[in-house]
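Shown here: query.cif, mmCIF, C-alpha atoms and all ligand atoms.
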```
data_start
#
loop_
_atom_site.label_atom_id
_atom_site.label_comp_id
_atom_site.auth_asym_id
_atom_site.auth_seq_id
_atom_site.Cartn_x
_atom_site.Cartn_y
_atom_site.Cartn_z
CA MET A 256 -1.75 -11.50 -152.65
CA PHE A 257 -0.07 -11.56 -156.05
CA TYR A 258 3.19 -12.67 -157.69
CA LEU A 259 5.57 -10.46 -159.65
CA ARG A 260 7.45 -12.57 -162.15
CA ALA A 261 10.55 -11.52 -164.10
CA ALA A 262 13.21 -13.35 -166.06
CA TYR A 263 15.64 -12.41 -163.27
CA ILE A 264 15.17 -11.40 -159.64
CA LEU A 265 17.89 -10.00 -157.36
CA ASP A 266 17.34 -11.71 -154.01
CA GLU A 267 18.14 -10.33 -150.55
CA PHE A 268 21.74 -11.61 -150.74
CA GLY A 269 22.41 -10.11 -154.18
CA ASN A 270 22.09 -13.41 -156.06
CA ILE A 271 20.24 -13.56 -159.35
CA LEU A 272 17.34 -16.02 -159.50
CA LYS A 273 16.09 -17.07 -162.91
CA ASN A 274 12.42 -17.21 -163.77
CA ALA A 275 11.24 -16.69 -160.20
CA ALA A 276 8.38 -14.68 -158.70
CA LEU A 277 8.18 -12.34 -155.76
CA CYS A 278 5.14 -12.84 -153.58
CA ILE A 279 3.58 -9.62 -152.31
CA GLU A 280 0.75 -9.17 -149.84
CA ASN A 281 -0.52 -5.80 -148.58
CA GLY A 282 2.61 -4.09 -149.88
CA CYS A 283 4.96 -6.47 -148.05
CA ILE A 284 7.15 -9.26 -149.35
CA THR A 285 6.05 -12.68 -148.18
CA GLY A 286 8.62 -14.71 -150.10
CA ILE A 287 10.21 -15.60 -153.43
CA GLU A 288 8.91 -18.60 -155.39
CA LYS A 289 11.71 -20.26 -157.32
CA SER A 290 9.28 -22.43 -159.26
CA LEU A 291 6.09 -21.15 -160.86
CA LYS A 292 4.58 -24.62 -161.32
CA ASN A 293 2.09 -24.43 -158.49
CA ILE A 294 1.01 -20.83 -158.99
CA SER A 295 -2.12 -20.08 -160.98
CA GLU A 296 -1.56 -17.81 -163.97
CA THR A 297 -4.19 -15.35 -162.78
CA GLU A 298 -2.11 -14.58 -159.70
CA ILE A 299 1.02 -13.75 -161.70
CA LYS A 300 1.90 -10.35 -163.08
CA ASP A 301 4.64 -10.96 -165.61
CA LEU A 302 7.07 -8.06 -165.91
CA GLY A 303 9.02 -9.56 -168.81
CA PRO A 304 12.59 -10.44 -169.86
CA GLY A 305 14.41 -8.00 -167.55
CA ILE A 306 15.43 -7.91 -163.91
CA LEU A 307 13.36 -7.11 -160.82
CA MET A 308 15.54 -5.65 -158.09
CA PRO A 309 15.29 -3.39 -155.05
CA GLY A 310 15.65 0.37 -155.52
CA VAL A 311 19.19 1.63 -154.88
CA PHE A 312 20.21 3.65 -151.83
CA ASN A 313 22.27 6.86 -151.81
CA MET A 314 23.87 6.53 -148.38
CA HIS A 315 25.44 9.98 -148.29
CA THR A 316 24.34 13.25 -149.79
CA HIS A 317 23.45 16.81 -148.77
CA LEU A 318 20.21 17.73 -150.55
CA GLU A 319 20.40 21.32 -149.28
CA LEU A 320 23.42 21.91 -151.53
CA SER A 321 21.60 20.86 -154.71
CA CYS A 322 21.33 24.55 -155.64
CA LEU A 323 25.11 24.56 -156.23
CA LYS A 324 25.01 22.11 -159.14
CA ASN A 325 27.66 23.08 -161.73
CA LYS A 326 28.41 26.30 -159.81
CA LEU A 327 31.73 25.46 -158.13
CA ASP A 328 35.24 25.05 -159.48
CA PHE A 329 36.86 21.77 -158.36
CA SER A 330 40.20 22.46 -159.98
CA LYS A 331 41.64 24.92 -157.44
CA GLY A 332 41.84 22.54 -154.52
CA PHE A 333 39.73 21.69 -151.50
CA LYS A 334 40.28 24.85 -149.47
CA SER A 335 39.28 27.20 -152.26
CA TRP A 336 36.27 24.94 -152.96
CA VAL A 337 35.11 25.26 -149.32
CA ILE A 338 35.44 29.06 -149.40
CA GLU A 339 33.55 29.30 -152.70
CA LEU A 340 30.85 26.94 -151.40
CA ILE A 341 30.20 29.04 -148.30
CA GLU A 342 30.15 32.30 -150.28
CA LYS A 343 27.79 31.04 -152.99
CA ARG A 344 25.54 29.13 -150.57
CA GLU A 345 24.92 32.29 -148.56
CA LYS A 346 23.81 34.21 -151.62
CA ILE A 347 21.06 31.70 -152.48
CA SER A 348 17.74 32.01 -150.63
CA ASP A 349 16.36 29.11 -148.57
CA GLU A 350 13.39 29.00 -150.91
CA LYS A 351 15.64 28.39 -153.93
CA LYS A 352 17.65 25.81 -152.00
CA ILE A 353 14.44 23.94 -151.17
CA ILE A 354 13.18 24.05 -154.78
CA SER A 355 16.47 22.58 -156.03
CA ALA A 356 16.33 19.85 -153.37
CA LEU A 357 12.74 19.01 -154.31
CA ASN A 358 13.70 18.69 -157.97
CA GLU A 359 16.51 16.31 -157.06
CA ILE A 360 14.22 14.20 -154.84
CA ASP A 361 11.80 13.93 -157.73
CA SER A 362 14.44 12.86 -160.23
CA LEU A 363 16.01 10.37 -157.76
CA LEU A 364 12.67 8.68 -157.18
CA LYS A 365 11.97 8.50 -160.91
CA SER A 366 15.35 7.00 -161.77
CA GLY A 367 15.55 4.21 -159.22
CA THR A 368 17.29 5.73 -156.18
CA THR A 369 14.49 5.23 -153.69
CA GLY A 370 16.41 5.65 -150.43
CA VAL A 371 18.69 8.45 -149.22
CA LEU A 372 20.66 9.44 -146.14
CA ASP A 373 20.49 13.22 -146.30
CA ILE A 374 22.99 15.23 -144.23
CA SER A 375 22.02 18.79 -143.35
CA SER A 376 23.79 21.49 -141.38
CA LEU A 377 21.20 24.15 -142.26
CA GLY A 378 18.18 22.08 -141.28
CA ILE A 379 16.07 23.31 -144.18
CA THR A 380 15.40 20.01 -145.96
CA LYS A 381 13.90 18.20 -142.97
CA GLU A 382 10.24 18.70 -143.84
CA ILE A 383 10.51 18.00 -147.54
CA PHE A 384 12.50 14.87 -146.75
CA GLN A 385 9.99 13.62 -144.19
CA LYS A 386 7.09 14.25 -146.56
CA SER A 387 8.80 12.72 -149.59
CA ASP A 388 8.52 9.10 -150.70
CA LEU A 389 12.24 8.67 -150.17
CA LYS A 390 13.15 6.03 -147.66
CA GLY A 391 16.02 6.65 -145.26
CA TYR A 392 16.96 9.42 -142.87
CA HIS A 393 17.52 13.12 -142.72
CA PHE A 394 20.52 13.77 -140.45
CA TYR A 395 20.99 17.03 -138.64
CA GLU A 396 24.71 17.64 -138.83
CA GLU A 397 26.58 19.26 -135.94
CA LEU A 398 30.03 20.83 -135.85
CA GLY A 399 32.20 22.95 -133.57
CA LEU A 400 31.69 22.84 -129.81
CA LYS A 401 27.99 23.17 -129.28
CA GLU A 402 24.97 21.47 -130.79
CA LYS A 403 22.34 23.39 -132.78
CA PHE A 404 19.73 20.72 -133.36
CA LEU A 405 20.56 17.73 -131.19
CA ASN A 406 17.80 16.53 -128.90
CA GLU A 407 16.73 13.28 -127.32
CA LYS A 408 13.26 13.16 -128.84
CA LYS A 409 13.07 10.50 -131.52
CA GLU A 410 11.35 11.68 -134.68
CA GLU A 411 10.33 9.77 -137.75
CA LYS A 412 13.05 9.63 -140.45
CA ILE A 413 15.39 11.85 -138.39
CA SER A 414 18.84 11.19 -136.98
CA PHE A 415 22.01 13.13 -136.13
CA ALA A 416 25.49 13.30 -137.61
CA ALA A 417 28.80 14.87 -136.61
CA HIS A 418 30.65 16.70 -139.38
CA ALA A 419 34.21 15.34 -139.02
CA PRO A 420 36.88 14.56 -136.41
CA HIS A 421 38.82 17.79 -137.07
CA THR A 422 35.81 20.12 -137.05
CA THR A 423 33.67 18.80 -134.21
CA SER A 424 34.76 18.57 -130.57
CA PRO A 425 35.26 15.08 -129.13
CA GLU A 426 32.66 15.82 -126.43
CA LEU A 427 30.08 16.76 -129.03
CA ILE A 428 30.88 13.71 -131.19
CA ARG A 429 30.39 11.46 -128.14
CA LYS A 430 27.19 13.23 -127.15
CA ILE A 431 25.67 12.81 -130.63
CA LYS A 432 26.66 9.15 -130.73
CA ASN A 433 25.14 8.53 -127.27
CA ILE A 434 21.86 10.08 -128.29
CA THR A 435 21.63 8.26 -131.63
CA ASN A 436 22.39 4.99 -129.83
CA LYS A 437 19.64 5.65 -127.29
CA GLN A 438 17.30 6.29 -130.20
CA LYS A 439 18.52 3.09 -131.90
CA ASN A 440 19.40 5.33 -134.84
CA LEU A 441 22.27 5.54 -137.30
CA PHE A 442 25.21 7.85 -136.73
CA SER A 443 27.17 9.31 -139.63
CA ILE A 444 30.48 11.19 -139.76
CA HIS A 445 32.87 12.24 -142.56
CA CYS A 446 36.15 10.51 -141.80
CA SER A 447 39.59 10.74 -143.34
CA GLU A 448 38.71 12.91 -146.32
CA SER A 449 41.07 15.88 -146.70
CA ASP A 450 44.77 16.63 -146.15
CA GLU A 451 43.70 19.32 -143.67
CA GLU A 452 42.02 16.62 -141.57
CA LEU A 453 44.92 14.19 -141.92
CA ASN A 454 47.54 16.78 -140.93
CA PHE A 455 45.57 17.97 -137.93
CA ILE A 456 44.62 14.54 -136.58
CA THR A 457 48.02 12.92 -137.14
CA LYS A 458 50.38 15.91 -136.71
CA LYS A 459 48.31 18.51 -134.85
CA SER A 460 49.07 20.89 -137.74
CA LYS A 461 49.54 24.52 -136.81
CA GLU A 462 47.48 25.74 -139.75
CA TRP A 463 44.26 23.97 -138.77
CA GLY A 464 44.89 24.76 -135.10
CA GLU A 465 44.99 28.46 -135.98
CA PHE A 466 41.77 28.10 -137.93
CA LEU A 467 40.04 26.48 -134.93
CA ASN A 468 41.40 29.20 -132.63
CA SER A 469 40.09 31.88 -134.99
CA ARG A 470 36.65 30.33 -134.47
CA ASN A 471 37.12 30.31 -130.69
CA ILE A 472 37.33 26.53 -130.64
CA ASP A 473 39.63 25.37 -127.87
CA PHE A 474 41.16 22.06 -128.88
CA SER A 475 43.67 21.74 -126.02
CA ASP A 476 42.03 18.58 -124.69
CA TRP A 477 41.37 16.92 -128.06
CA PRO A 478 43.31 13.64 -128.38
CA VAL A 479 45.64 14.87 -131.14
CA PRO A 480 47.98 13.79 -132.54
CA SER A 481 46.47 10.35 -133.08
CA LYS A 482 47.57 7.65 -135.51
CA SER A 483 44.62 8.26 -137.83
CA SER A 484 41.07 9.59 -137.94
CA VAL A 485 39.75 6.06 -137.53
CA GLU A 486 41.90 5.45 -134.46
CA TYR A 487 40.87 8.87 -133.09
CA LEU A 488 37.16 8.02 -133.41
CA ASP A 489 37.76 4.60 -131.91
CA LYS A 490 39.37 6.27 -128.88
CA LEU A 491 36.17 8.28 -128.51
CA ASN A 492 34.25 5.02 -128.47
CA VAL A 493 31.89 5.98 -131.28
CA LEU A 494 32.52 3.14 -133.72
CA ASP A 495 29.94 0.39 -133.69
CA GLU A 496 27.47 -1.34 -136.01
CA LYS A 497 25.31 1.78 -136.33
CA THR A 498 28.15 4.10 -137.37
CA ILE A 499 28.72 5.08 -140.99
CA LEU A 500 32.16 6.45 -141.81
CA VAL A 501 31.96 8.54 -144.96
CA HIS A 502 34.92 8.63 -147.42
CA VAL A 503 37.80 6.92 -145.47
CA LEU A 504 40.38 8.04 -148.04
CA ASP A 505 43.66 7.84 -146.13
CA ALA A 506 43.26 4.57 -144.31
CA LYS A 507 45.81 1.84 -143.62
CA ASP A 508 45.41 -1.82 -142.68
CA ASP A 509 45.19 -0.94 -138.96
CA ASP A 510 42.26 1.35 -139.69
CA PHE A 511 40.41 -1.25 -141.73
CA SER A 512 41.01 -3.77 -138.91
CA ILE A 513 39.42 -1.40 -136.40
CA ILE A 514 36.44 -0.70 -138.68
CA LYS A 515 35.91 -4.41 -139.24
CA LYS A 516 36.27 -5.20 -135.53
CA ARG A 517 33.71 -2.55 -134.63
CA ASN A 518 31.42 -3.71 -137.43
CA SER A 519 31.00 -0.17 -138.75
CA THR A 520 30.02 0.66 -142.33
CA ILE A 521 32.07 2.66 -144.84
CA CYS A 522 30.24 4.86 -147.32
CA ILE A 523 32.40 5.73 -150.29
CA CYS A 524 31.77 8.69 -152.62
CA PRO A 525 34.57 8.23 -155.19
CA ARG A 526 33.39 10.75 -157.80
CA SER A 527 33.41 13.51 -155.19
CA ASN A 528 36.84 12.35 -153.91
CA LYS A 529 38.24 12.51 -157.42
CA ASN A 530 36.79 15.97 -158.03
CA LEU A 531 37.90 17.54 -154.75
CA HIS A 532 41.05 15.66 -153.77
CA ASN A 533 42.13 13.84 -156.91
CA LYS A 534 42.27 10.69 -154.78
CA LEU A 535 40.27 7.48 -154.62
CA PRO A 536 39.51 5.22 -151.66
CA ASP A 537 41.27 1.86 -151.34
CA LEU A 538 38.18 -0.06 -152.26
CA LYS A 539 40.03 -3.30 -152.94
CA LYS A 540 41.37 -3.32 -149.37
CA MET A 541 37.95 -2.51 -147.97
CA PHE A 542 36.54 -5.56 -149.72
CA GLU A 543 39.50 -7.69 -148.61
CA PHE A 544 38.73 -6.76 -145.00
CA ASN A 545 35.14 -7.75 -145.64
CA ILE A 546 33.81 -4.41 -144.41
CA ASN A 547 30.22 -3.43 -145.16
CA ILE A 548 30.59 -0.96 -148.03
CA VAL A 549 27.79 1.28 -149.24
CA LEU A 550 27.65 4.05 -151.84
CA GLY A 551 26.98 7.76 -151.65
CA THR A 552 27.46 10.62 -154.04
CA ASP A 553 28.06 13.50 -151.62
CA SER A 554 26.34 16.70 -152.72
CA LEU A 555 25.91 18.38 -156.08
CA ALA A 556 28.50 20.89 -154.89
CA SER A 557 31.19 18.23 -155.38
CA CYS A 558 29.63 15.70 -157.74
CA GLU A 559 27.88 15.75 -161.10
CA SER A 560 24.74 13.85 -160.04
CA LEU A 561 23.04 12.20 -157.07
CA ASP A 562 22.28 9.09 -159.09
CA VAL A 563 23.87 6.02 -157.48
CA PHE A 564 23.90 4.29 -160.88
CA ASP A 565 26.37 6.98 -162.02
CA GLU A 566 28.51 6.22 -158.95
CA MET A 567 28.39 2.50 -159.76
CA LYS A 568 29.43 3.19 -163.38
CA PHE A 569 32.36 5.27 -162.17
CA ILE A 570 33.50 2.49 -159.82
CA LEU A 571 33.24 -0.12 -162.54
CA ASN A 572 35.31 2.06 -164.87
CA ASN A 573 37.96 3.04 -162.32
CA PHE A 574 38.48 0.06 -160.00
CA GLN A 575 39.20 -3.63 -160.46
CA ILE A 576 36.01 -4.64 -158.68
CA SER A 577 33.46 -7.08 -160.07
CA PRO A 578 30.05 -5.66 -161.04
CA ASP A 579 28.14 -7.95 -158.65
CA LYS A 580 30.02 -6.49 -155.67
CA ILE A 581 29.35 -2.96 -156.90
CA LEU A 582 25.63 -3.57 -157.37
CA LYS A 583 25.40 -5.14 -153.90
CA ALA A 584 27.04 -2.04 -152.41
CA GLY A 585 24.34 0.03 -154.13
CA CYS A 586 21.26 -1.89 -153.09
CA ILE A 587 21.93 -4.84 -150.77
CA ASN A 588 24.60 -3.71 -148.28
CA PRO A 589 22.57 -0.70 -147.04
CA SER A 590 20.11 -3.17 -145.56
CA LYS A 591 22.85 -4.55 -143.30
CA ILE A 592 22.92 -1.25 -141.45
CA ILE A 593 19.38 0.05 -141.94
CA GLY A 594 17.69 -3.30 -141.66
CA PHE A 595 16.61 -2.72 -138.09
CA GLU A 596 13.92 -0.29 -139.19
CA LYS A 597 12.60 -2.57 -141.93
CA ILE A 598 13.04 0.31 -144.34
CA CYS A 599 15.78 -1.50 -146.16
CA GLN A 600 14.76 -2.39 -149.62
CA THR A 601 15.95 -5.92 -150.17
CA PHE A 602 13.47 -8.60 -151.14
CA LYS A 603 13.52 -10.18 -147.70
CA LYS A 604 10.41 -11.69 -146.23
CA GLY A 605 8.62 -9.08 -144.13
CA ASN A 606 10.15 -6.05 -145.89
CA ILE A 607 8.03 -3.40 -147.53
CA PHE A 608 8.14 -3.93 -151.29
CA ASN A 609 10.21 -1.32 -153.07
CA GLY A 610 11.04 -2.58 -156.49
CA LEU A 611 12.70 -1.49 -159.65
CA TYR A 612 12.36 -3.22 -163.00
CA ILE A 613 14.97 -2.88 -165.73
CA ASN A 614 13.95 -4.33 -169.04
CA ASP A 615 17.18 -3.98 -170.93
CA VAL A 616 19.56 -6.63 -169.63
CA ASN A 617 22.05 -8.73 -171.51
CA LYS A 618 24.22 -11.75 -170.69
CA ASP A 619 26.23 -9.90 -168.07
CA ILE A 620 23.28 -8.96 -165.94
CA TYR A 621 25.06 -7.10 -163.13
CA GLU A 622 26.99 -4.98 -165.60
CA SER A 623 23.97 -4.18 -167.73
CA VAL A 624 22.03 -3.06 -164.63
CA ILE A 625 24.87 -0.69 -163.71
CA PHE A 626 24.96 0.72 -167.25
CA SER A 627 21.17 0.90 -167.58
CA GLU A 628 19.80 4.14 -168.96
CA LYS A 629 17.81 6.32 -166.59
CA ASN A 630 14.62 6.14 -168.61
CA LYS A 631 14.77 2.33 -168.79
CA ARG A 632 14.50 1.95 -165.01
CA ILE A 633 10.89 1.51 -164.00
CA VAL A 634 10.13 2.19 -160.34
CA LEU A 635 7.27 -0.07 -159.29
ZN ZN B 701 29.38 14.91 -147.23
#
```
Represent the structure of the file as structure tokens.
Amino acid sequence: MFYLRAAYILDEFGNILKNAALCIENGCITGIEKSLKNISETEIKDLGPGILMPGVFNMHTHLELSCLKNKLDFSKGFKSWVIELIEKREKISDEKKIISALNEIDSLLKSGTTGVLDISSLGITKEIFQKSDLKGYHFYEELGLKEKFLNEKKEEKISFAAHAPHTTSPELIRKIKNITNKQKNLFSIHCSESDEELNFITKKSKEWGEFLNSRNIDFSDWPVPSKSSVEYLDKLNVLDEKTILVHVLDAKDDDFSIIKKRNSTICICPRSNKNLHNKLPDLKKMFEFNINIVLGTDSLASCESLDVFDEMKFILNNFQISPDKILKAGCINPSKIIGFEKICQTFKKGNIFNGLYINDVNKDIYESVIFSEKNKRIVL
């Protein structure tokens, strides 16, 4: 047993404790001592004048698209971006895709993002994710009418996701959710991201209908039009405390009420939203509704980096949200949804220790953590 002391410690609720020490035994947290009076000096490892905090969690990315970093044009709109993505992705070998993903995993771990939810429709990053030191899950993502990967066998660090309400049949969405619930696993789905989705779900747009038909996807029994993507998913009965809704860009009060009532989590990826749709989520409303909000970056095909600190900086610069709330979304709120597996990274008694030390902090501690330089974050 030993104690890690720092001038500041971010506790499991996101509060800052001054001059405290984290007690660690066999790699697990056994408590936080708020007074060092009764601890012998030989048991204390003093980190210094900075802050000891949990590693941050990227709650939505697609590692398999890391090979597309800086290769796509965001300025021509979402549709042209999708076409370019598919064309360029096909030209890159799986081997190159895996090398790029491995490089990103390495740089995430070195810069303080120690947990990831990785979404994959190709299925090629499963093994490297399982073998990596990243905490979290690799999600096989399904779309269309029929599953490619879905099965009932529970595997370590593996779960399943549906792509989106307008791309995946309601039967398949329900089936995935049923299986992930049986496995006591998380379920993730992109929700309310693009105009294409909005127009199809709320107006049954001809354009998207034709696209689905061209892919032999019969949508005659899909419950469209619905009031919104959130309402649509609620009708399918797939919103609960293990569901993560990614993006939620075009949501109204009714949608936030449903999400809150169902106790689902929203993962926002605002840099990607800005790049692809020139829109930002209504983060203020999300906080007002007291919804569990976590942060993702989406992939390097739509965002400049997978570093959650960059996402936090962007939020601080573009929204009227206090830095403590932003930091909690990055490293405390994920535990509210992943806590059941004890892989969450807060400093809660019983959790596996996963710490980050940042030496350079000033008076406004939350803000200086968010603006910390990559090389000043020491993963312990
Ligand atoms: Zn995504």
Item to check | Residue nearest ligand ZN 701 (chain B) among A:Leu320, A:Leu488, A:Ala584, A:Leu635 (counting only C-alpha atoms and all ligand atoms) | outcome: A:Leu320
Selection: 10 Å around Ile633 of chain A, only C-alpha atoms, excl. self and same-chain fewer than 5 positions, as a compact mmCIF listing (two decimals) with C-alpha atoms, in the frame of the given file:
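Final file, around12.txt:
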```
# COMPACT_ATOMS: atom_id res chain seq x y z
CA LEU A 307 13.36 -7.11 -160.82
CA GLY A 310 15.65 0.37 -155.52
CA LYS A 365 11.97 8.50 -160.91
CA SER A 366 15.35 7.00 -161.77
CA GLY A 367 15.55 4.21 -159.22
CA GLY A 610 11.04 -2.58 -156.49
CA LEU A 611 12.70 -1.49 -159.65
CA TYR A 612 12.36 -3.22 -163.00
CA ILE A 613 14.97 -2.88 -165.73
CA ASN A 614 13.95 -4.33 -169.04
```
Item to check | Shortest interatomic distance to ligand ZN 701 (chain B) - which of A:Glu339, A:Glu396, A:Glu452, A:Asp349, counting all atoms listed in the file | outcome: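 Smallest separation from ligand ZN 701 (chain B) among the options: A:Glu396.
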Next on the checklist: Which residues are close to Ser460 of chain A, i.e. within 12 Å by all atoms listed in the file, leaving aside same-chain residues fewer than 3 positions away? Reply as a PyMOL selection string.
Outcome noted: chain A and resi 421+450-457+463-467+474+479-481
Next on the checklist: I'd like the contact shell of Lys408 of chain A - 10 Å cut-off, all atoms listed in the file, skipping same-chain residues fewer than 6 positions apart - returned as a count of residues only.
Outcome noted: 3
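Considering all atoms listed in the file, the residue among A:Asn440, A:Asn358, A:Asn406, A:Thr552 positioned nearest to ligand ZN 701 (chain B) is A:Thr552.
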